[in-house]
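Right, one structure below, let's go through it.
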There are 2 protein chains.
Amino acid sequence: MKRKKQISMKDISRELGISMTTISFIVNNKAENKISKGVIKKVEDYIEKVGYKPNSSAQSLRTGKSKTIVFMAEDISDPFFSAIAKQMEEIAFKNGYNIIYCSTENNRERTLELLSLFKDRQVDAFIITPPENFENDLKKLIYEEQQVVMVFDRHFENFNHNYVVLENFEGAHKAIEGFYEAGRRNIAFVGIESELSPLVERHQGYLKTIKNFHLPTYELFLKFDQVKTQEGMVAIRNFLEIHPSIDSILFATNNLAINGLRVIREKHIKIPEDLAIISFDDRDVFELYSPPISVISQPISDLAEELIIGTLEMLSSKKEGMHFFRKTLPSKLVVRESLTALKDF
Amino acid sequence: MKRKKQISMKDISRELGISMTTISFIVNNKAENKISKGVIKKVEDYIEKVGYKPNSSAQSLRTGKSKTIVFMAEDISDPFFSAIAKQMEEIAFKNGYNIIYCSTENNRERTLELLSLFKDRQVDAFIITPPENFENDLKKLIYEEQQVVMVFDRHFENFNHNYVVLENFEGAHKAIEGFYEAGRRNIAFVGIESELSPLVERHQGYLKTIKNFHLPTYELFLKFDQVKTQEGMVAIRNFLEIHPSIDSILFATNNLAINGLRVIREKHIKIPEDLAIISFDDRDVFELYSPPISVISQPISDLAEELIIGTLEMLSSKKEGMHFFRKTLPSKLVVRESLTALKDF
DNA sequence: AGCTTTTAGTAAAACGATTTACTAAATCGT
DNA sequence: ACGATTTAGTAAATCGTTTTACTAAAAGCT
């Protein structure tokens with residue numbers, strides 16, 4: 001009734017009359033020019049036959065490596081992050097790594113706590129979307145604690161680190177250009193009060209482009225925790241009422257846009273006649289909305305791939321020659337009906 | 001430049017002149033009536049001071065427990081599963097467990113492969129949404145390999161196992177009743193060709209209720225891999241064209257409904273005037289759709305909680321007295337505009 | 001006081017791999 | 001044919017815990 005004991009290296013050693021060292025070499029493909037073909041074959045066949053698999057706890061203990069990577073996303077139930085997670089998992093798996101996920105909720109204390117819990121588990125690397133005010137903690141993690149860290153979705157200017165991010169500035173630029181070409185002249189930006197790089201850069205992209213076109217700016221910034229709430233809706237509603245001239249809005253995140261759409265529907269504002277909309281990040285709700293909402297989409301597969309490949313690369317590069325992995329991937333403006341040219345243009 | 005070595009029990013033992021056994025007892029709260037208050041205090045203070053954390057690989061090796069649970073969802077990037085995952089994570093964490101996720105893609109071979117990979121990692125339990133044709137594999141996993149397994153979202157009749165599922169039959173029943181009360185008499189069911197329990201039960205719920213009302217049945221079943229595809233849309237379109245009398249549709253899953261909505265939009269069918277819609281599973285796209293789509297919603301928090309609590313319970317119950325954890329949670333009909341009474345009713 | 005029991009602790013053997021340092025036999029060079 | 005090197009392998013230490021089996025000292029009992 002109790003689980004039958006897993007077969008161990010010692011069992012094989014005893015059974016075959018071959019030392020554990022030899023078996024270990026064979027199992028780890030280090031037998032190349034140390035062990036004879038015959039012995040290799042014999043051991044491999046036996047392993048195959050009895051289905052031996054090394055005990056990974058023992059391996060971890062001995063080598064100090066756990067073959068585990070932690071992905072700390074802002075919110076793992078967010079479709080963007082869960083899509084990234086799924087694709088990373090795939091690749092990690094093929095390379096013998098497992099991924100553990102968790103959500104920072106953009107909360108520094110929570111993130112620190114999670115981090116400390118995982119460090120005890122000797123995970124090999126962290127892929128992390130650092131929350132607000134995490135710059136120093138991150139620096140410490142990388143430079144003092146010497147952990148392998150890949151930063152995702154945001155990055156910092158003041159110190160070197162591995163990261164994979166989006167071309168946020170350019171994304172916003174494309175959006176504003178799109179509005180302009182569709183004849184919009186009163187383009188608003190709805191963002192979040194935050195110093196996280198993507199939010200700042202998206203705003204900068206908006207500002208710079210608007211200035212180039214010599215257009216007026218209309219800006220609304222919600223607090224981070226208002227984004228998905230009733231309060232957020234109220235703020236957006238007020239904003240629209242105060243500025244009736246606005247004819248288009250760039251939402252800096254999908255959650256902002258979703259709350260924005262709630263307001264727009266409630267007020268029976270017509271898209272795109274009265275108001276053109278572009279949101280950052282694609283989600284199926286945007287494509288299915290009536291009318292479909294245009295978006296600045298992120299290349300999810302590419303992001304996921306760069307993230308995990310980069311992390312694995314850092315893990316395998318013995319040379320601590322302070323080589324960093326940095327990628328900034330392009331976004332794409334996906335034009336849907338929410339951004340149709342004004343008829344009188 | 002190299003990571004500073006973690007402090008170990010031996011270090012503490014040497015430093016304090018206390019045996020490792022004693023320290024181990026204290027660390028694991030087994031010192032109760034074996035070790036004097038004074039020593040306990042001394043050790044605890046020292047541990048606090050130097051920030052000692054036991055090496056979990058060593059613990060796993062020694063105890064054979066990894067404090068890790070694997071959640072094998074059908075598709076971890078699906079909002080339903082990722083929401084469940086996130087909430088389980090939270091509770092697992094508080095109980096000292098980590099969760100590793102992966103996706104079965106409803107593919108038996110893939111699932112077996114994942115399973116085998118995880119078994120080598122000595123994970124303590126599996127929470128799994130078994131794919132099609134997995135009954136025997138599951139039985140073997142539970143009864144022969146004696147793994148702790150919690151089955152989610154679907155279950156089998158022919159053998160005992162732990163599971164947490166939804167009241168699918170009743171859910172479908174509520175939906176059909178809703179249609180009936182709204183004056184609909186030509187109610188269609190769009191489902192999936194599958195023997196998985198929720199799909200079967202939802203269909204049964206539809207059939208039985210329709211029969212009770214003495215109404216005609218209209219049924220369409222897509223193949224599993226057509227659900228999200230163009231092919232699926234074509235099938236739904238044909239179905240609607242062949243049966244123009246249909247005045248309402250119950251979609252057995254959210255993905256079916258999403259593809260259905262694409263068709264409906266394309267054909268400019270009016271909801272709810274021409275066609276009332278109810279979908280299983282809630283998603284933000286349904287609430288945001290124009291008009292908002294009614295759904296049979298699953299109690300995500302409750303499901304997640306039962307799942308992880310049940311699993312932890314099975315893990316801690318020493319008594320192998322074949323006690324099973326089985327929960328069937330109620331669904332709820334969320335009425336939105338897609339299900340408004342016909343005017344002439 | 002003399003015996004048993006309890007208290008407060010310890011030494012050492014696991015757990016299952018990896019890896020260092022070693023060796024006997026075979027091959028090589030001259 | 002002799003020492004030097006290569007080949008093919010091994011024994012044992014180690015990673016950091018948990019746990020079993022033990023013990024000296026103190027307390028309890030009559």
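Residues in the structure tokens are named by chain (A, B, ... in the order shown) and by number from 1 within that chain; ligands are numbered from 1 in the order shown.
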
Non-local contacts of DA14 (chain C) (12 Å; only C-alpha atoms (C1' of nucleotides); under 5 positions in same chain excluded) as a PyMOL selection string | (chain B and resi 61-63) or (chain D and resi 17-20)

Can you work out which residues from chain B touch chain C at a cut-off of 12 Å (counting only C-alpha atoms (C1' of nucleotides)) and hand them back as a PDB file with C-alpha atoms, in the first residue's frame?
ATOM      1  CA  SER B  13      25.725  23.667  16.033  1.00  0.00           C
ATOM      2  CA  GLY B  17      27.968  24.166  20.961  1.00  0.00           C
ATOM      3  CA  ILE B  18      24.620  22.479  20.625  1.00  0.00           C
ATOM      4  CA  SER B  19      23.958  19.289  18.710  1.00  0.00           C
ATOM      5  CA  MET B  20      22.273  19.368  15.352  1.00  0.00           C
ATOM      6  CA  THR B  21      19.562  17.090  16.623  1.00  0.00           C
ATOM      7  CA  THR B  22      18.537  19.653  19.170  1.00  0.00           C
ATOM      8  CA  ILE B  23      18.569  22.410  16.607  1.00  0.00           C
ATOM      9  CA  PHE B  25      13.940  19.731  16.868  1.00  0.00           C
ATOM     10  CA  ALA B  31      11.242  20.627  20.939  1.00  0.00           C
ATOM     11  CA  GLU B  32       8.127  20.933  23.040  1.00  0.00           C
ATOM     12  CA  ASN B  33       8.938  18.613  25.937  1.00  0.00           C
ATOM     13  CA  LYS B  34      12.390  17.504  25.018  1.00  0.00           C
ATOM     14  CA  ILE B  35      14.460  20.647  25.142  1.00  0.00           C
ATOM     15  CA  SER B  36      14.667  23.228  27.905  1.00  0.00           C
ATOM     16  CA  LYS B  37      13.207  26.686  27.472  1.00  0.00           C
ATOM     17  CA  GLY B  38      16.631  28.242  27.820  1.00  0.00           C
ATOM     18  CA  VAL B  39      18.211  26.321  24.971  1.00  0.00           C
ATOM     19  CA  ILE B  40      15.207  26.863  22.754  1.00  0.00           C
ATOM     20  CA  SER B  57      16.723  20.283  -1.036  1.00  0.00           C
ATOM     21  CA  ALA B  58      18.245  18.581   1.959  1.00  0.00           C
ATOM     22  CA  GLN B  59      14.875  18.460   3.622  1.00  0.00           C
ATOM     23  CA  SER B  60      13.295  16.974   0.540  1.00  0.00           C
ATOM     24  CA  LEU B  61      16.015  14.423   0.191  1.00  0.00           C
ATOM     25  CA  ARG B  62      15.701  13.333   3.767  1.00  0.00           C
ATOM     26  CA  THR B  63      11.935  13.344   4.088  1.00  0.00           C
ATOM     27  CA  GLY B  64      10.960  12.472   0.553  1.00  0.00           C
ATOM     28  CA  LYS B  65       8.558  15.405   0.556  1.00  0.00           C
TER      29      LYS B  65
END

Can you list every residue in region 90-284 of chain A that DSSP puts in alpha helix (DSSP H), as a short mmCIF file (atom, residue, chain, number, x, y, z; two decimals) with N, CA and C atoms, in the first residue's frame?
data_model
loop_
_atom_site.label_atom_id
_atom_site.label_comp_id
_atom_site.auth_asym_id
_atom_site.auth_seq_id
_atom_site.Cartn_x
_atom_site.Cartn_y
_atom_site.Cartn_z
N GLU A 90 6.84 26.09 -21.62
CA GLU A 90 7.12 25.15 -22.71
C GLU A 90 8.63 25.02 -22.95
N ILE A 91 9.26 26.16 -23.16
CA ILE A 91 10.68 26.17 -23.49
C ILE A 91 11.52 25.74 -22.28
N ALA A 92 11.14 26.24 -21.13
CA ALA A 92 11.87 25.89 -19.92
C ALA A 92 11.89 24.37 -19.75
N PHE A 93 10.73 23.80 -19.95
CA PHE A 93 10.57 22.37 -19.79
C PHE A 93 11.51 21.59 -20.67
N LYS A 94 11.59 22.02 -21.92
CA LYS A 94 12.46 21.32 -22.86
C LYS A 94 13.91 21.41 -22.42
N ARG A 108 5.41 46.04 -2.92
CA ARG A 108 6.81 45.81 -2.58
C ARG A 108 6.98 44.80 -1.45
N GLU A 109 6.24 44.97 -0.37
CA GLU A 109 6.41 44.09 0.79
C GLU A 109 6.11 42.64 0.40
N ARG A 110 5.02 42.50 -0.31
CA ARG A 110 4.65 41.15 -0.74
C ARG A 110 5.75 40.52 -1.59
N THR A 111 6.29 41.32 -2.47
CA THR A 111 7.33 40.82 -3.36
C THR A 111 8.57 40.40 -2.58
N LEU A 112 8.94 41.21 -1.60
CA LEU A 112 10.11 40.87 -0.79
C LEU A 112 9.89 39.56 -0.04
N GLU A 113 8.69 39.41 0.45
CA GLU A 113 8.36 38.20 1.20
C GLU A 113 8.45 36.97 0.30
N LEU A 114 7.86 37.09 -0.89
CA LEU A 114 7.92 35.98 -1.84
C LEU A 114 9.36 35.65 -2.18
N LEU A 115 10.11 36.70 -2.40
CA LEU A 115 11.51 36.53 -2.78
C LEU A 115 12.26 35.74 -1.71
N SER A 116 12.04 36.13 -0.48
CA SER A 116 12.76 35.47 0.61
C SER A 116 12.35 34.01 0.71
N LEU A 117 11.06 33.75 0.50
CA LEU A 117 10.61 32.37 0.55
C LEU A 117 11.24 31.53 -0.54
N PHE A 118 11.39 32.14 -1.71
CA PHE A 118 11.94 31.37 -2.82
C PHE A 118 13.44 31.18 -2.73
N LYS A 119 14.10 32.14 -2.13
CA LYS A 119 15.54 31.99 -2.02
C LYS A 119 15.89 30.76 -1.20
N GLU A 135 13.43 49.50 -6.98
CA GLU A 135 14.74 49.68 -7.59
C GLU A 135 15.88 49.21 -6.69
N ASN A 136 15.87 49.67 -5.44
CA ASN A 136 16.97 49.32 -4.55
C ASN A 136 16.97 47.85 -4.16
N ASP A 137 15.78 47.33 -3.95
CA ASP A 137 15.68 45.91 -3.60
C ASP A 137 16.23 45.06 -4.73
N LEU A 138 15.91 45.49 -5.93
CA LEU A 138 16.35 44.74 -7.10
C LEU A 138 17.87 44.80 -7.23
N LYS A 139 18.40 46.00 -7.02
CA LYS A 139 19.84 46.19 -7.12
C LYS A 139 20.54 45.27 -6.12
N ASN A 168 7.93 50.92 -25.67
CA ASN A 168 6.73 51.61 -25.24
C ASN A 168 6.58 53.00 -25.84
N PHE A 169 7.68 53.71 -25.87
CA PHE A 169 7.64 55.05 -26.45
C PHE A 169 7.13 54.98 -27.89
N GLU A 170 7.75 54.10 -28.65
CA GLU A 170 7.38 53.97 -30.05
C GLU A 170 5.93 53.51 -30.21
N GLY A 171 5.50 52.66 -29.30
CA GLY A 171 4.12 52.19 -29.35
C GLY A 171 3.15 53.35 -29.23
N ALA A 172 3.39 54.18 -28.24
CA ALA A 172 2.51 55.33 -28.05
C ALA A 172 2.59 56.25 -29.27
N HIS A 173 3.77 56.39 -29.76
CA HIS A 173 3.97 57.21 -30.96
C HIS A 173 3.11 56.71 -32.12
N LYS A 174 3.15 55.41 -32.34
CA LYS A 174 2.35 54.83 -33.43
C LYS A 174 0.87 55.09 -33.23
N ALA A 175 0.46 54.98 -31.98
CA ALA A 175 -0.97 55.19 -31.68
C ALA A 175 -1.38 56.62 -32.02
N ILE A 176 -0.59 57.57 -31.57
CA ILE A 176 -0.94 58.98 -31.80
C ILE A 176 -0.92 59.30 -33.29
N GLU A 177 0.08 58.76 -33.95
CA GLU A 177 0.14 58.93 -35.40
C GLU A 177 -1.11 58.38 -36.06
N GLY A 178 -1.53 57.23 -35.58
CA GLY A 178 -2.74 56.61 -36.12
C GLY A 178 -3.94 57.52 -35.95
N PHE A 179 -4.07 58.07 -34.76
CA PHE A 179 -5.17 59.00 -34.51
C PHE A 179 -5.08 60.18 -35.47
N TYR A 180 -3.87 60.70 -35.59
CA TYR A 180 -3.68 61.90 -36.42
C TYR A 180 -4.09 61.62 -37.86
N GLU A 181 -3.63 60.48 -38.35
CA GLU A 181 -3.94 60.13 -39.73
C GLU A 181 -5.43 59.89 -39.93
N SER A 197 8.64 52.12 -15.75
CA SER A 197 9.10 52.58 -17.06
C SER A 197 8.06 52.51 -18.18
N PRO A 198 7.30 51.44 -18.31
CA PRO A 198 6.40 51.43 -19.46
C PRO A 198 5.35 52.54 -19.38
N LEU A 199 4.89 52.80 -18.18
CA LEU A 199 3.89 53.83 -18.02
C LEU A 199 4.47 55.21 -18.32
N VAL A 200 5.67 55.43 -17.85
CA VAL A 200 6.34 56.70 -18.11
C VAL A 200 6.61 56.85 -19.61
N GLU A 201 7.12 55.79 -20.21
CA GLU A 201 7.50 55.88 -21.62
C GLU A 201 6.29 56.04 -22.54
N ARG A 202 5.23 55.36 -22.17
CA ARG A 202 4.03 55.50 -22.99
C ARG A 202 3.54 56.94 -22.93
N HIS A 203 3.61 57.49 -21.77
CA HIS A 203 3.20 58.88 -21.62
C HIS A 203 4.13 59.80 -22.40
N GLN A 204 5.41 59.56 -22.30
CA GLN A 204 6.38 60.37 -23.05
C GLN A 204 6.11 60.28 -24.55
N GLY A 205 5.84 59.07 -25.00
CA GLY A 205 5.56 58.88 -26.42
C GLY A 205 4.36 59.70 -26.86
N TYR A 206 3.37 59.70 -26.02
CA TYR A 206 2.17 60.51 -26.29
C TYR A 206 2.54 61.99 -26.37
N LEU A 207 3.19 62.45 -25.31
CA LEU A 207 3.53 63.88 -25.21
C LEU A 207 4.36 64.37 -26.39
N LYS A 208 5.43 63.65 -26.65
CA LYS A 208 6.35 64.08 -27.71
C LYS A 208 5.64 64.14 -29.06
N THR A 209 4.83 63.12 -29.32
CA THR A 209 4.18 63.06 -30.62
C THR A 209 3.15 64.17 -30.76
N ILE A 210 2.40 64.36 -29.69
CA ILE A 210 1.40 65.44 -29.69
C ILE A 210 2.08 66.79 -29.94
N LYS A 211 3.19 66.99 -29.25
CA LYS A 211 3.93 68.25 -29.41
C LYS A 211 4.40 68.42 -30.86
N ASN A 212 4.86 67.35 -31.43
CA ASN A 212 5.31 67.40 -32.82
C ASN A 212 4.20 67.86 -33.76
N GLN A 230 -14.63 51.08 -9.47
CA GLN A 230 -15.68 52.05 -9.71
C GLN A 230 -15.10 53.47 -9.69
N GLU A 231 -14.22 53.69 -8.73
CA GLU A 231 -13.55 54.99 -8.63
C GLU A 231 -12.88 55.37 -9.95
N GLY A 232 -12.24 54.38 -10.56
CA GLY A 232 -11.58 54.64 -11.84
C GLY A 232 -12.59 55.07 -12.88
N MET A 233 -13.75 54.39 -12.88
CA MET A 233 -14.78 54.75 -13.85
C MET A 233 -15.25 56.19 -13.64
N VAL A 234 -15.43 56.54 -12.38
CA VAL A 234 -15.87 57.89 -12.07
C VAL A 234 -14.86 58.91 -12.60
N ALA A 235 -13.60 58.64 -12.37
CA ALA A 235 -12.56 59.57 -12.81
C ALA A 235 -12.60 59.74 -14.32
N ILE A 236 -12.76 58.62 -15.02
CA ILE A 236 -12.79 58.69 -16.48
C ILE A 236 -14.03 59.45 -16.94
N ARG A 237 -15.15 59.19 -16.28
CA ARG A 237 -16.38 59.86 -16.65
C ARG A 237 -16.23 61.38 -16.48
N ASN A 238 -15.70 61.79 -15.34
CA ASN A 238 -15.48 63.22 -15.11
C ASN A 238 -14.57 63.82 -16.17
N PHE A 239 -13.52 63.11 -16.42
CA PHE A 239 -12.53 63.58 -17.40
C PHE A 239 -13.20 63.86 -18.74
N LEU A 240 -14.05 62.92 -19.16
CA LEU A 240 -14.71 63.09 -20.46
C LEU A 240 -15.69 64.26 -20.43
N GLU A 241 -16.32 64.43 -19.27
CA GLU A 241 -17.31 65.51 -19.18
C GLU A 241 -16.65 66.88 -19.15
N ILE A 242 -15.50 66.93 -18.50
CA ILE A 242 -14.76 68.21 -18.43
C ILE A 242 -14.19 68.60 -19.79
N ASN A 254 -4.53 47.79 -20.83
CA ASN A 254 -5.79 47.17 -21.20
C ASN A 254 -6.85 47.32 -20.11
N ASN A 255 -6.42 47.28 -18.87
CA ASN A 255 -7.41 47.41 -17.80
C ASN A 255 -8.01 48.80 -17.75
N LEU A 256 -7.19 49.79 -18.05
CA LEU A 256 -7.73 51.15 -18.15
C LEU A 256 -8.77 51.21 -19.26
N ALA A 257 -8.43 50.63 -20.38
CA ALA A 257 -9.33 50.68 -21.53
C ALA A 257 -10.64 49.98 -21.21
N ILE A 258 -10.55 48.87 -20.50
CA ILE A 258 -11.76 48.13 -20.20
C ILE A 258 -12.69 48.96 -19.33
N ASN A 259 -12.12 49.60 -18.34
CA ASN A 259 -12.94 50.47 -17.51
C ASN A 259 -13.44 51.67 -18.33
N GLY A 260 -12.59 52.15 -19.22
CA GLY A 260 -13.00 53.25 -20.10
C GLY A 260 -14.19 52.85 -20.96
N LEU A 261 -14.14 51.64 -21.49
CA LEU A 261 -15.23 51.18 -22.35
C LEU A 261 -16.54 51.08 -21.57
N ARG A 262 -16.42 50.72 -20.31
CA ARG A 262 -17.63 50.67 -19.48
C ARG A 262 -18.29 52.05 -19.42
N VAL A 263 -17.45 53.06 -19.20
CA VAL A 263 -17.96 54.43 -19.13
C VAL A 263 -18.56 54.85 -20.47
N ILE A 264 -17.83 54.52 -21.52
CA ILE A 264 -18.25 54.93 -22.85
C ILE A 264 -19.59 54.30 -23.22
N ARG A 265 -19.73 53.05 -22.84
CA ARG A 265 -20.99 52.38 -23.13
C ARG A 265 -22.14 53.00 -22.33
N GLU A 266 -21.83 53.26 -21.09
CA GLU A 266 -22.82 53.84 -20.19
C GLU A 266 -23.31 55.19 -20.69
N ASP A 284 -8.73 39.41 -26.10
CA ASP A 284 -9.83 39.00 -26.98
C ASP A 284 -11.04 39.91 -26.84
#

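In this structure, CA of Glu287 (chain A) sits 23.8 Å away from CA of Glu74 (chain A).
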
Chain B near chain A within 6 Å: what's each residue's closest atom pair and its distance in Å to one decimal, counting only C-alpha atoms, ordered by chain then ascending residue number, as a tab-separated table?
residue	atom	partner	partner_atom	distance
B:Arg3	CA	A:Gln146	CA	5.6
B:Ser56	CA	A:Arg121	CA	5.5
B:Ser57	CA	A:Ser57	CA	5.0
B:Ala58	CA	A:Leu61	CA	5.7
B:Ser60	CA	A:Ser57	CA	5.9
B:Leu61	CA	A:Ser57	CA	5.1
B:Ser77	CA	A:Ser82	CA	4.9
B:Ser82	CA	A:Ser77	CA	4.9
B:Ala83	CA	A:Ser77	CA	5.1
B:Ile100	CA	A:Ile100	CA	5.0
B:Arg121	CA	A:Ser56	CA	5.5
B:Gln146	CA	A:Arg3	CA	5.6
B:Val285	CA	A:Val285	CA	4.7
B:Tyr289	CA	A:Tyr289	CA	5.9

Proximity of chain D to chain A: per-residue shortest pair, 10 Å limit, only C-alpha atoms (C1' of nucleotides), as a Markdown table:
| residue | atom | partner | partner_atom | distance |
| --- | --- | --- | --- | --- |
| D:DT7 | C1' | A:Lys34 | CA | 7.1 |
| D:DA8 | C1' | A:Ile35 | CA | 5.7 |
| D:DG9 | C1' | A:Thr22 | CA | 7.2 |
| D:DT10 | C1' | A:Ser19 | CA | 6.3 |
| D:DA11 | C1' | A:Ser19 | CA | 8.8 |
| D:DT14 | C1' | A:Arg62 | CA | 7.8 |
| D:DC15 | C1' | A:Arg62 | CA | 4.5 |
| D:DG16 | C1' | A:Leu61 | CA | 7.5 |
| D:DT17 | C1' | A:Leu61 | CA | 9.9 |

Go ahead and write the residues just picked, N, CA and C atoms (P, O5', C5', C4', C3', O3' and C1' of nucleotides), as an mmCIF file, in the first residue's frame.
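To be explicit, this is the file written out as result-v1.cif:
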data_model
loop_
_atom_site.group_PDB
_atom_site.id
_atom_site.type_symbol
_atom_site.label_atom_id
_atom_site.label_comp_id
_atom_site.auth_asym_id
_atom_site.auth_seq_id
_atom_site.Cartn_x
_atom_site.Cartn_y
_atom_site.Cartn_z
ATOM 1 P P DT D 7 43.581 8.223 -23.843
ATOM 2 O "O5'" DT D 7 43.077 6.924 -23.080
ATOM 3 C "C5'" DT D 7 43.632 5.657 -23.456
ATOM 4 C "C4'" DT D 7 42.936 4.565 -22.669
ATOM 5 C "C3'" DT D 7 41.435 4.772 -22.475
ATOM 6 O "O3'" DT D 7 40.811 3.548 -22.815
ATOM 7 C "C1'" DT D 7 42.487 4.391 -20.388
ATOM 8 P P DA D 8 39.268 3.380 -22.728
ATOM 9 O "O5'" DA D 8 39.100 2.876 -21.237
ATOM 10 C "C5'" DA D 8 39.385 1.519 -20.911
ATOM 11 C "C4'" DA D 8 38.931 1.287 -19.503
ATOM 12 C "C3'" DA D 8 37.461 1.660 -19.253
ATOM 13 O "O3'" DA D 8 36.878 0.623 -18.470
ATOM 14 C "C1'" DA D 8 38.833 2.783 -17.718
ATOM 15 P P DG D 9 35.312 0.594 -18.319
ATOM 16 O "O5'" DG D 9 35.167 1.190 -16.860
ATOM 17 C "C5'" DG D 9 35.615 0.293 -15.870
ATOM 18 C "C4'" DG D 9 36.271 1.017 -14.756
ATOM 19 C "C3'" DG D 9 35.319 1.471 -13.658
ATOM 20 O "O3'" DG D 9 34.935 0.344 -12.904
ATOM 21 C "C1'" DG D 9 37.332 2.760 -13.843
ATOM 22 P P DT D 10 33.827 0.475 -11.842
ATOM 23 O "O5'" DT D 10 34.706 0.919 -10.583
ATOM 24 C "C5'" DT D 10 35.811 0.115 -10.175
ATOM 25 C "C4'" DT D 10 36.424 0.741 -8.944
ATOM 26 C "C3'" DT D 10 35.406 1.033 -7.847
ATOM 27 O "O3'" DT D 10 35.868 0.495 -6.630
ATOM 28 C "C1'" DT D 10 36.641 2.992 -8.355
ATOM 29 P P DA D 11 34.859 0.291 -5.431
ATOM 30 O "O5'" DA D 11 35.641 0.969 -4.222
ATOM 31 C "C5'" DA D 11 36.984 1.422 -4.389
ATOM 32 C "C4'" DA D 11 37.363 2.327 -3.231
ATOM 33 C "C3'" DA D 11 36.433 2.348 -2.023
ATOM 34 O "O3'" DA D 11 37.231 2.702 -0.902
ATOM 35 C "C1'" DA D 11 36.275 4.425 -3.138
ATOM 36 P P DT D 14 34.828 15.468 3.614
ATOM 37 O "O5'" DT D 14 33.535 15.994 2.856
ATOM 38 C "C5'" DT D 14 33.653 16.528 1.525
ATOM 39 C "C4'" DT D 14 32.284 16.717 0.959
ATOM 40 C "C3'" DT D 14 31.249 17.308 1.925
ATOM 41 O "O3'" DT D 14 30.997 18.636 1.528
ATOM 42 C "C1'" DT D 14 30.345 15.593 0.544
ATOM 43 P P DC D 15 30.416 19.679 2.612
ATOM 44 O "O5'" DC D 15 28.991 20.006 1.984
ATOM 45 C "C5'" DC D 15 28.835 20.398 0.619
ATOM 46 C "C4'" DC D 15 27.396 20.185 0.217
ATOM 47 C "C3'" DC D 15 26.424 20.444 1.359
ATOM 48 O "O3'" DC D 15 25.962 21.781 1.266
ATOM 49 C "C1'" DC D 15 25.891 18.422 0.170
ATOM 50 P P DG D 16 25.956 22.652 2.642
ATOM 51 O "O5'" DG D 16 24.632 22.123 3.345
ATOM 52 C "C5'" DG D 16 23.393 22.361 2.708
ATOM 53 C "C4'" DG D 16 22.308 21.682 3.498
ATOM 54 C "C3'" DG D 16 22.276 22.057 4.983
ATOM 55 O "O3'" DG D 16 20.934 22.239 5.343
ATOM 56 C "C1'" DG D 16 22.354 19.741 4.754
ATOM 57 P P DT D 17 20.524 22.965 6.650
ATOM 58 O "O5'" DT D 17 19.103 22.272 6.908
ATOM 59 C "C5'" DT D 17 18.991 21.199 7.801
ATOM 60 C "C4'" DT D 17 18.263 20.074 7.132
ATOM 61 C "C3'" DT D 17 17.449 19.269 8.122
ATOM 62 O "O3'" DT D 17 16.068 19.557 7.907
ATOM 63 C "C1'" DT D 17 18.904 17.858 6.825
#

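Proximity to Ile271 (chain A) was assessed for A:Arg336, A:Pro299, A:Glu15, A:Pro216 counting only C-alpha atoms; the smallest distance is recorded for A:Arg336.
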
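Rounded to one decimal, CA of Ser297 (chain A) and CA of Ser331 (chain A) lie 5.7 Å from each other.
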
Apply DSSP to the structure's backbone, then extract all residues of region 123-264 of chain A labelled strand (DSSP E or B) and return them as a short mmCIF file (atom, residue, chain, number, x, y, z; two decimals) with C-alpha atoms, in the first residue's frame.
data_model
loop_
_atom_site.label_atom_id
_atom_site.label_comp_id
_atom_site.auth_asym_id
_atom_site.auth_seq_id
_atom_site.Cartn_x
_atom_site.Cartn_y
_atom_site.Cartn_z
CA ALA A 125 16.76 32.35 -11.31
CA PHE A 126 14.06 34.94 -10.97
CA ILE A 127 12.09 36.40 -13.83
CA ILE A 128 10.36 39.34 -12.30
CA VAL A 148 20.31 35.46 -11.57
CA VAL A 149 17.56 37.95 -12.29
CA MET A 150 15.71 38.72 -15.50
CA VAL A 151 13.55 41.80 -15.36
CA PHE A 152 10.43 41.87 -17.46
CA ASN A 162 19.01 41.77 -17.67
CA TYR A 163 15.70 42.78 -19.10
CA VAL A 164 13.13 42.20 -21.82
CA VAL A 165 10.75 45.06 -22.46
CA LEU A 166 8.54 46.59 -25.11
CA ILE A 187 -6.22 63.25 -28.52
CA ALA A 188 -6.33 62.31 -24.85
CA PHE A 189 -4.08 60.06 -22.83
CA VAL A 190 -5.43 58.00 -19.95
CA GLY A 191 -2.60 56.59 -17.87
CA ILE A 192 -1.57 55.57 -14.40
CA TYR A 218 -5.53 66.04 -22.46
CA GLU A 219 -4.27 63.84 -19.70
CA LEU A 220 -5.79 61.74 -16.97
CA PHE A 221 -3.81 59.65 -14.50
CA LEU A 222 -5.46 57.13 -12.24
CA SER A 248 -9.83 60.12 -29.27
CA ILE A 249 -8.21 58.36 -26.33
CA LEU A 250 -5.08 56.31 -25.95
CA PHE A 251 -5.39 54.05 -22.92
#

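From CA of Tyr97 (chain B) back to CA of Arg154 (chain B), the distance works out to 24.2 Å.
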
6 Å contact set for Phe280 (chain B), only C-alpha atoms (C1' of nucleotides), chain neighbours under 4 positions out, as a PyMOL selection string | chain B and resi 252-254+295-296

With C-alpha atoms retained, export the selected residues as a PDB file, in the first residue's frame.
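This went into out_1.pdb:
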ATOM      1  CA  ALA B 252     -21.349  24.755 -23.321  1.00  0.00           C
ATOM      2  CA  THR B 253     -18.057  26.634 -22.877  1.00  0.00           C
ATOM      3  CA  ASN B 254     -16.863  30.190 -23.040  1.00  0.00           C
ATOM      4  CA  VAL B 295     -23.694  33.277 -18.204  1.00  0.00           C
ATOM      5  CA  ILE B 296     -23.698  30.262 -15.976  1.00  0.00           C
TER       6      ILE B 296
END
